[in-house]
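Text of entry_22.csv (CSV, C-alpha atoms) as supplied:
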chain,number,residue,atom,x,y,z
A,11,MET,CA,6.1,-3.2,5.8
A,12,ARG,CA,4.4,-2.6,2.5
A,13,ALA,CA,2.7,-5.6,0.9
A,14,ILE,CA,4.8,-5.1,-2.3
A,15,ASP,CA,8.0,-5.4,-0.3
A,16,ASN,CA,6.9,-8.6,1.2
A,17,ILE,CA,5.2,-10.0,-1.9
A,18,GLY,CA,6.4,-13.6,-1.4
A,19,LYS,CA,4.9,-14.1,2.0
A,20,GLU,CA,1.7,-12.2,0.9
A,21,ILE,CA,1.2,-14.5,-2.1
A,22,ALA,CA,1.8,-17.5,0.1
A,23,ALA,CA,-0.9,-16.3,2.5
A,24,ALA,CA,-3.3,-15.9,-0.5
A,25,VAL,CA,-2.5,-19.3,-1.8
A,26,SER,CA,-3.2,-20.9,1.6
A,27,PHE,CA,-6.5,-19.0,1.8
A,28,TYR,CA,-7.4,-20.3,-1.7
A,29,TRP,CA,-6.9,-24.0,-0.9
A,30,ASN,CA,-8.4,-23.8,2.6
A,31,ALA,CA,-11.5,-22.0,1.2
A,32,ARG,CA,-11.9,-24.8,-1.4
A,33,LYS,CA,-11.5,-27.4,1.3
A,34,ALA,CA,-14.1,-25.7,3.6
A,35,GLN,CA,-16.6,-25.3,0.8
A,36,LYS,CA,-16.3,-29.0,-0.2
A,37,GLU,CA,-16.7,-30.2,3.4
A,38,LYS,CA,-19.7,-28.0,3.8
A,39,GLN,CA,-21.4,-29.5,0.8
A,40,ILE,CA,-20.6,-33.0,2.0
A,41,LYS,CA,-22.1,-32.3,5.4
A,42,GLY,CA,-25.2,-30.9,3.6
A,43,GLY,CA,-25.6,-34.2,1.8
A,44,LYS,CA,-24.5,-32.9,-1.6
A,45,SER,CA,-21.3,-34.9,-2.0
A,46,ASP,CA,-22.4,-35.9,-5.5
A,47,ALA,CA,-21.7,-32.3,-6.6
A,48,GLY,CA,-18.0,-33.3,-6.5
A,49,LEU,CA,-15.4,-30.6,-7.3
A,50,ARG,CA,-18.0,-28.4,-8.9
A,51,SER,CA,-19.0,-27.2,-5.4
A,52,THR,CA,-15.5,-25.7,-4.9
A,53,VAL,CA,-15.7,-24.0,-8.2
A,54,THR,CA,-19.1,-22.4,-7.8
A,55,GLY,CA,-18.6,-21.6,-4.1
A,56,GLY,CA,-16.7,-18.5,-4.9
A,57,ALA,CA,-14.4,-16.5,-2.6
A,58,GLN,CA,-11.3,-18.7,-3.1
A,59,LEU,CA,-9.4,-15.9,-4.9
A,60,ASP,CA,-10.4,-13.2,-2.4
A,61,GLY,CA,-6.9,-13.4,-0.9
A,62,PHE,CA,-5.3,-12.4,-4.1
A,63,VAL,CA,-7.8,-9.6,-4.8
A,64,SER,CA,-7.5,-8.1,-1.4
A,65,LEU,CA,-3.6,-8.2,-1.7
A,66,LEU,CA,-3.7,-6.3,-5.0
A,67,ALA,CA,-6.1,-3.8,-3.4
A,68,ARG,CA,-3.7,-3.2,-0.6
A,69,ILE,CA,-0.8,-2.7,-3.0
A,70,ILE,CA,-2.9,-0.1,-4.9
A,71,GLU,CA,-3.8,1.7,-1.7
A,72,GLU,CA,-0.2,1.8,-0.5
A,73,VAL,CA,0.8,3.5,-3.7
A,74,GLY,CA,-1.5,6.4,-2.8
A,75,ILE,CA,-5.0,5.6,-4.1
A,76,ALA,CA,-7.8,6.4,-1.7
A,77,PRO,CA,-9.8,3.3,-0.5
A,78,GLU,CA,-13.0,4.8,-1.9
A,79,CYS,CA,-11.5,4.6,-5.4
A,80,ILE,CA,-10.8,0.8,-5.1
A,81,PHE,CA,-13.7,-1.6,-5.9
A,82,TYR,CA,-13.4,-5.3,-5.3
A,83,LYS,CA,-16.6,-6.5,-3.6
A,84,LYS,CA,-19.3,-4.6,-5.5
A,85,LEU,CA,-19.8,-2.0,-8.3
A,86,LEU,CA,-17.5,-4.0,-10.6
A,87,GLU,CA,-19.2,-3.6,-14.0
A,88,LEU,CA,-17.6,-1.7,-16.9
A,89,PRO,CA,-19.2,-1.0,-20.2
A,90,GLY,CA,-18.3,-3.2,-23.1
A,91,PHE,CA,-18.5,-2.9,-26.9
A,92,PHE,CA,-19.8,-6.4,-27.8
A,93,ARG,CA,-22.0,-6.6,-24.7
A,94,PRO,CA,-23.5,-4.0,-22.3
A,95,THR,CA,-21.2,-4.7,-19.4
A,96,LYS,CA,-18.5,-7.0,-18.0
A,97,GLU,CA,-17.9,-7.6,-14.3
A,98,TRP,CA,-14.2,-7.5,-13.3
A,99,ASP,CA,-12.7,-8.7,-10.0
A,100,LEU,CA,-11.0,-5.4,-9.1
A,101,LEU,CA,-11.4,-1.9,-10.4
A,102,VAL,CA,-9.7,1.4,-9.6
A,103,ILE,CA,-11.6,4.5,-10.6
A,104,LYS,CA,-10.3,8.0,-9.6
A,105,ASP,CA,-11.8,11.3,-10.6
A,106,LYS,CA,-14.1,9.4,-13.0
A,107,MET,CA,-11.0,7.9,-14.8
A,108,LEU,CA,-10.6,4.1,-15.0
A,109,VAL,CA,-7.1,3.6,-13.5
A,110,ALA,CA,-7.1,-0.3,-13.5
A,111,ALA,CA,-9.2,-3.3,-14.2
A,112,ILE,CA,-8.0,-6.8,-13.0
A,113,GLU,CA,-9.2,-10.3,-13.6
A,114,THR,CA,-8.3,-13.2,-11.3
A,115,LYS,CA,-8.8,-16.8,-12.4
A,116,SER,CA,-7.8,-20.3,-11.4
A,117,GLN,CA,-8.1,-23.9,-12.5
A,118,VAL,CA,-7.8,-27.2,-10.8
A,119,GLY,CA,-7.8,-30.8,-12.1
A,120,PRO,CA,-8.5,-33.5,-12.9
A,121,SER,CA,-9.9,-32.2,-16.2
A,122,PHE,CA,-8.0,-29.4,-17.9
A,123,GLY,CA,-8.9,-29.6,-21.7
A,124,ASN,CA,-12.2,-27.9,-22.1
A,125,ASN,CA,-11.6,-25.6,-19.1
A,126,PHE,CA,-8.3,-24.4,-20.7
A,127,ASN,CA,-10.2,-23.4,-23.9
A,128,ASN,CA,-12.9,-21.7,-21.8
A,129,ARG,CA,-10.3,-19.7,-19.8
A,130,THR,CA,-8.3,-18.5,-22.7
A,131,GLU,CA,-11.3,-17.5,-24.8
A,132,GLU,CA,-12.8,-15.7,-21.8
A,133,ALA,CA,-9.6,-13.7,-21.1
A,134,MET,CA,-9.1,-12.7,-24.8
A,135,GLY,CA,-12.7,-11.8,-25.2
A,136,SER,CA,-12.7,-9.6,-22.1
A,137,ALA,CA,-9.7,-7.7,-23.2
A,138,LEU,CA,-11.0,-7.2,-26.8
A,139,ASP,CA,-14.3,-6.0,-25.4
A,140,LEU,CA,-12.7,-3.5,-23.0
A,141,TRP,CA,-10.2,-2.1,-25.4
A,142,THR,CA,-12.8,-1.7,-28.2
A,143,ALA,CA,-15.1,0.1,-25.8
A,144,PHE,CA,-12.2,2.3,-24.8
A,145,ARG,CA,-11.4,3.1,-28.4
A,146,GLU,CA,-15.1,4.0,-28.9
A,147,GLY,CA,-14.9,6.5,-26.0
A,148,ALA,CA,-16.9,4.6,-23.4
A,149,PHE,CA,-14.4,5.8,-20.7
A,150,ASN,CA,-11.1,7.7,-20.1
A,151,GLY,CA,-11.0,9.9,-23.2
A,152,GLY,CA,-7.8,8.3,-24.6
A,153,THR,CA,-5.8,7.7,-21.3
A,154,SER,CA,-5.1,3.9,-21.2
A,155,PRO,CA,-5.9,2.1,-17.9
A,156,PHE,CA,-3.8,-0.8,-16.5
A,157,LEU,CA,-5.4,-4.1,-17.5
A,158,GLY,CA,-4.2,-7.1,-15.4
A,159,TYR,CA,-4.6,-10.8,-15.6
A,160,PHE,CA,-3.8,-13.1,-12.6
A,161,PHE,CA,-4.0,-16.8,-12.9
A,162,MET,CA,-3.3,-19.7,-10.5
A,163,LEU,CA,-3.1,-23.4,-11.7
A,164,GLU,CA,-3.1,-26.6,-9.7
A,165,ASP,CA,0.3,-28.3,-10.0
A,166,CYS,CA,-0.6,-32.0,-10.4
A,167,ASP,CA,0.2,-34.9,-12.7
A,168,ALA,CA,-2.6,-33.9,-15.1
A,169,SER,CA,-1.4,-30.4,-15.5
A,170,ASN,CA,2.3,-31.4,-16.0
A,171,LYS,CA,1.7,-34.3,-18.5
A,172,PRO,CA,2.5,-33.6,-22.1
A,173,VAL,CA,-0.6,-33.1,-24.2
A,174,LYS,CA,-0.8,-34.0,-27.9
A,175,ALA,CA,-2.4,-31.4,-30.1
A,176,LYS,CA,-4.8,-32.4,-32.8
A,177,GLU,CA,-3.6,-31.4,-36.3
A,178,PRO,CA,-6.1,-32.7,-38.9
A,179,HIS,CA,-5.3,-30.0,-41.4
A,180,TYR,CA,-2.3,-27.8,-40.3
A,181,LYS,CA,0.6,-28.0,-37.9
A,182,VAL,CA,0.3,-26.2,-34.6
A,183,LEU,CA,2.9,-23.6,-33.6
A,184,PRO,CA,6.1,-25.3,-32.5
A,185,GLU,CA,5.9,-24.1,-28.9
A,186,PHE,CA,2.6,-26.1,-28.4
A,187,VAL,CA,4.0,-29.4,-29.6
A,188,GLY,CA,3.9,-31.8,-26.6
A,189,ALA,CA,3.2,-28.9,-24.2
A,190,SER,CA,1.5,-29.7,-20.9
A,191,TYR,CA,-1.4,-27.6,-19.7
A,192,MET,CA,1.0,-25.9,-17.3
A,193,ARG,CA,3.2,-24.9,-20.2
A,194,ARG,CA,0.2,-23.8,-22.3
A,195,TYR,CA,-1.0,-21.5,-19.6
A,196,GLU,CA,2.5,-20.1,-19.2
A,197,LEU,CA,2.6,-19.4,-23.0
A,198,PHE,CA,-0.9,-17.9,-22.8
A,199,CYS,CA,-0.2,-15.5,-20.0
A,200,ARG,CA,3.1,-14.4,-21.7
A,201,LYS,CA,1.4,-13.8,-25.1
A,202,LEU,CA,-1.4,-11.8,-23.5
A,203,VAL,CA,1.2,-9.3,-22.5
A,204,LEU,CA,3.4,-9.6,-25.7
A,205,GLU,CA,0.4,-8.9,-27.9
A,206,ARG,CA,-0.7,-6.0,-25.5
A,207,HIS,CA,-4.1,-7.5,-24.7
A,208,TYR,CA,-3.2,-7.0,-21.0
A,209,THR,CA,-0.7,-4.6,-19.5
A,210,SER,CA,0.7,-7.3,-17.2
A,211,ALA,CA,-0.1,-10.9,-16.3
A,212,ALA,CA,1.0,-13.2,-13.4
A,213,PHE,CA,1.0,-17.0,-13.4
A,214,VAL,CA,1.5,-19.1,-10.3
A,215,THR,CA,1.1,-22.8,-9.6
A,216,SER,CA,0.4,-24.7,-6.4
A,217,LYS,CA,-0.3,-28.3,-5.2
A,218,SER,CA,-3.5,-29.0,-3.4
A,219,ASP,CA,-1.8,-30.5,-0.4
A,220,SER,CA,1.2,-28.3,0.2
A,221,GLY,CA,-0.8,-25.3,-1.0
A,222,LEU,CA,-2.8,-25.4,2.3
A,223,ASP,CA,0.4,-24.2,3.9
A,224,GLY,CA,1.0,-21.5,1.2
A,225,VAL,CA,3.5,-23.3,-0.9
A,226,TYR,CA,3.5,-22.1,-4.5
A,227,ASN,CA,5.7,-21.9,-7.6
A,228,GLU,CA,6.3,-19.4,-10.4
A,229,PRO,CA,7.1,-21.2,-13.6
A,230,ALA,CA,8.5,-18.0,-15.3
A,231,HIS,CA,10.0,-14.8,-14.0
A,232,ASP,CA,8.7,-12.6,-16.7
A,233,ILE,CA,5.1,-13.4,-15.6
A,234,GLY,CA,5.9,-13.7,-12.0
A,235,VAL,CA,4.0,-12.0,-9.2
A,236,ALA,CA,6.8,-9.5,-8.3
A,237,LYS,CA,6.9,-8.1,-11.8
A,238,PHE,CA,3.1,-8.0,-12.0
A,239,ALA,CA,3.0,-6.1,-8.7
A,240,THR,CA,5.8,-3.7,-9.7
A,241,THR,CA,4.1,-2.9,-13.0
A,242,LEU,CA,0.8,-2.4,-11.3
A,243,ALA,CA,2.3,0.0,-8.7
A,244,ALA,CA,4.1,2.0,-11.4
A,245,ASN,CA,1.0,2.4,-13.5
A,246,ILE,CA,-1.2,3.3,-10.5
A,247,GLY,CA,1.4,5.7,-9.3
A,248,ALA,CA,1.0,7.9,-12.3
A,249,PHE,CA,-2.6,8.5,-11.3
A,250,ALA,CA,-2.0,8.8,-7.6
Would you mind writing the file's structure down as structure tokens?
Amino acid sequence: MRAIDNIGKEIAAAVSFYWNARKAQKEKQIKGGKSDAGLRSTVTGGAQLDGFVSLLARIIEEVGIAPECIFYKKLLELPGFFRPTKEWDLLVIKDKMLVAAIETKSQVGPSFGNNFNNRTEEAMGSALDLWTAFREGAFNGGTSPFLGYFFMLEDCDASNKPVKAKEPHYKVLPEFVGASYMRRYELFCRKLVLERHYTSAAFVTSKSDSGLDGVYNEPAHDIGVAKFATTLAANIGAFA
């Protein structure tokens, strides 16, 4: 069975991999006498999102792209406009044409405030950098690539709690009034696509305990994994 036809179970496996990788990295640091590093160890350890990246790579290969055209472990740099290069999580390059570039990110608690700003600024900046470089002829000669953004958020009390926005001079947009960080991320992923910064975005949430068994949730259908995978496959198929 193709991965895209079994997307629910495939994502569940990737979610389980994510939480178990974080758990293993944290336990390794504690055994090494670095328990004071706290949750930072599971952030800097890397590899947690490999399950999602490899799943997307399989979907791309099943559409008809040769494995040698899919990059997700090395050779991930693309030229930018505001900086020399930017490293993506997954690239598809066929016949010297950039077919797709995908970013995968995640965030866990207990602190969401500063990290939310960092994640949003990073995603918007990466898109702006790529599309400006594309406009200036850095790659593809006018044929637009697929640009994807995949995000997983920890489902916990801190991410579900309503957050008050500071409004010292002007009112924030209505949709942000009392919005939790989970709701903010949902809005963010949706707006990335609505404003055409990214071709498609996916947003999933998961609890740290049940996530070990692959349990996850999709807060909104329009930025769900199935739609992301279908859009990806359709765009890739035009090149295959």
Problem set entry | Distance criterion (all atoms listed in the file): nearest to Arg193 of chain A out of A:Thr240, A:Ser210, A:Thr215, A:Ser121 | A:Thr215
Exercise. So, counting all atoms listed in the file, which residue among A:Ala110, A:Ala76, A:Ala211, A:Leu85 is closest to Pro155 of chain A?
Worked result: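 With all atoms listed in the file as the atom set, the closest residue is A:Ala110.
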For this session: Select, from A:Pro89, A:Leu101, A:Leu59, A:Thr142, the residue with the minimum atom-to-atom distance to Pro77 of chain A, counting all atoms listed in the file.
Result: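 Of A:Pro89, A:Leu101, A:Leu59, A:Thr142, the one nearest Pro77 of chain A is A:Leu101, counting all atoms listed in the file.
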Problem set entry | Who sits within 10 Å of Ala212 of chain A, all atoms listed in the file, same chain under 4 positions skipped, as a VMD selection string | chain A and resid 114 158 to 162 196 199 to 200 203 228 230 to 239
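Each of A:Tyr208, A:Tyr82, A:Phe62, A:Phe122 was checked against Cys166 of chain A using all atoms listed in the file; the smallest atom-to-atom distance is that of A:Phe122.
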For this session: Find, counting all atoms listed in the file, the residue in A:Pro172, A:Phe149, A:Glu78, A:Asn125 that gets nearest to Val187 of chain A.
Result: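 Checking each of A:Pro172, A:Phe149, A:Glu78, A:Asn125 against Val187 of chain A, counting all atoms listed in the file, the winner is A:Pro172.
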For this session: In the coordinates of the file, take the point (-2.0, 12.5, -10.7) and a cut-off of 12 Å; then, counting only C-alpha atoms, name each qualifying protein, DNA or RNA residue as a list of chain:residue names.
Result: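 It turns out the residues near that spot are A:Val73, A:Gly74, A:Ile75, A:Lys104, A:Asp105, A:Met107, A:Val109, A:Asn245, A:Ile246, A:Gly247, A:Ala248, A:Phe249, A:Ala250.
Restricting the calculation to all atoms listed in the file, the smallest distance between Lys115 of chain A and any of A:Ile80, A:Ala133, A:Ile70, A:Ala148 is found for A:Ala133.
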Exercise. Could you list as a list in words every residue that has an atom within 10 Å of (-9.1, -27.5, -1.2), using the file's coordinates and counting only C-alpha atoms?
Worked result: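 Residues lying no farther than 10 Å from the given point: Ser26, Phe27, Tyr28, Trp29, Asn30, Ala31, Arg32, Lys33, Ala34, Gln35, Lys36, Glu37, Leu49, Thr52, Gln58, Val118, Lys217, Ser218, Asp219, Gly221 and Leu222 of chain A.
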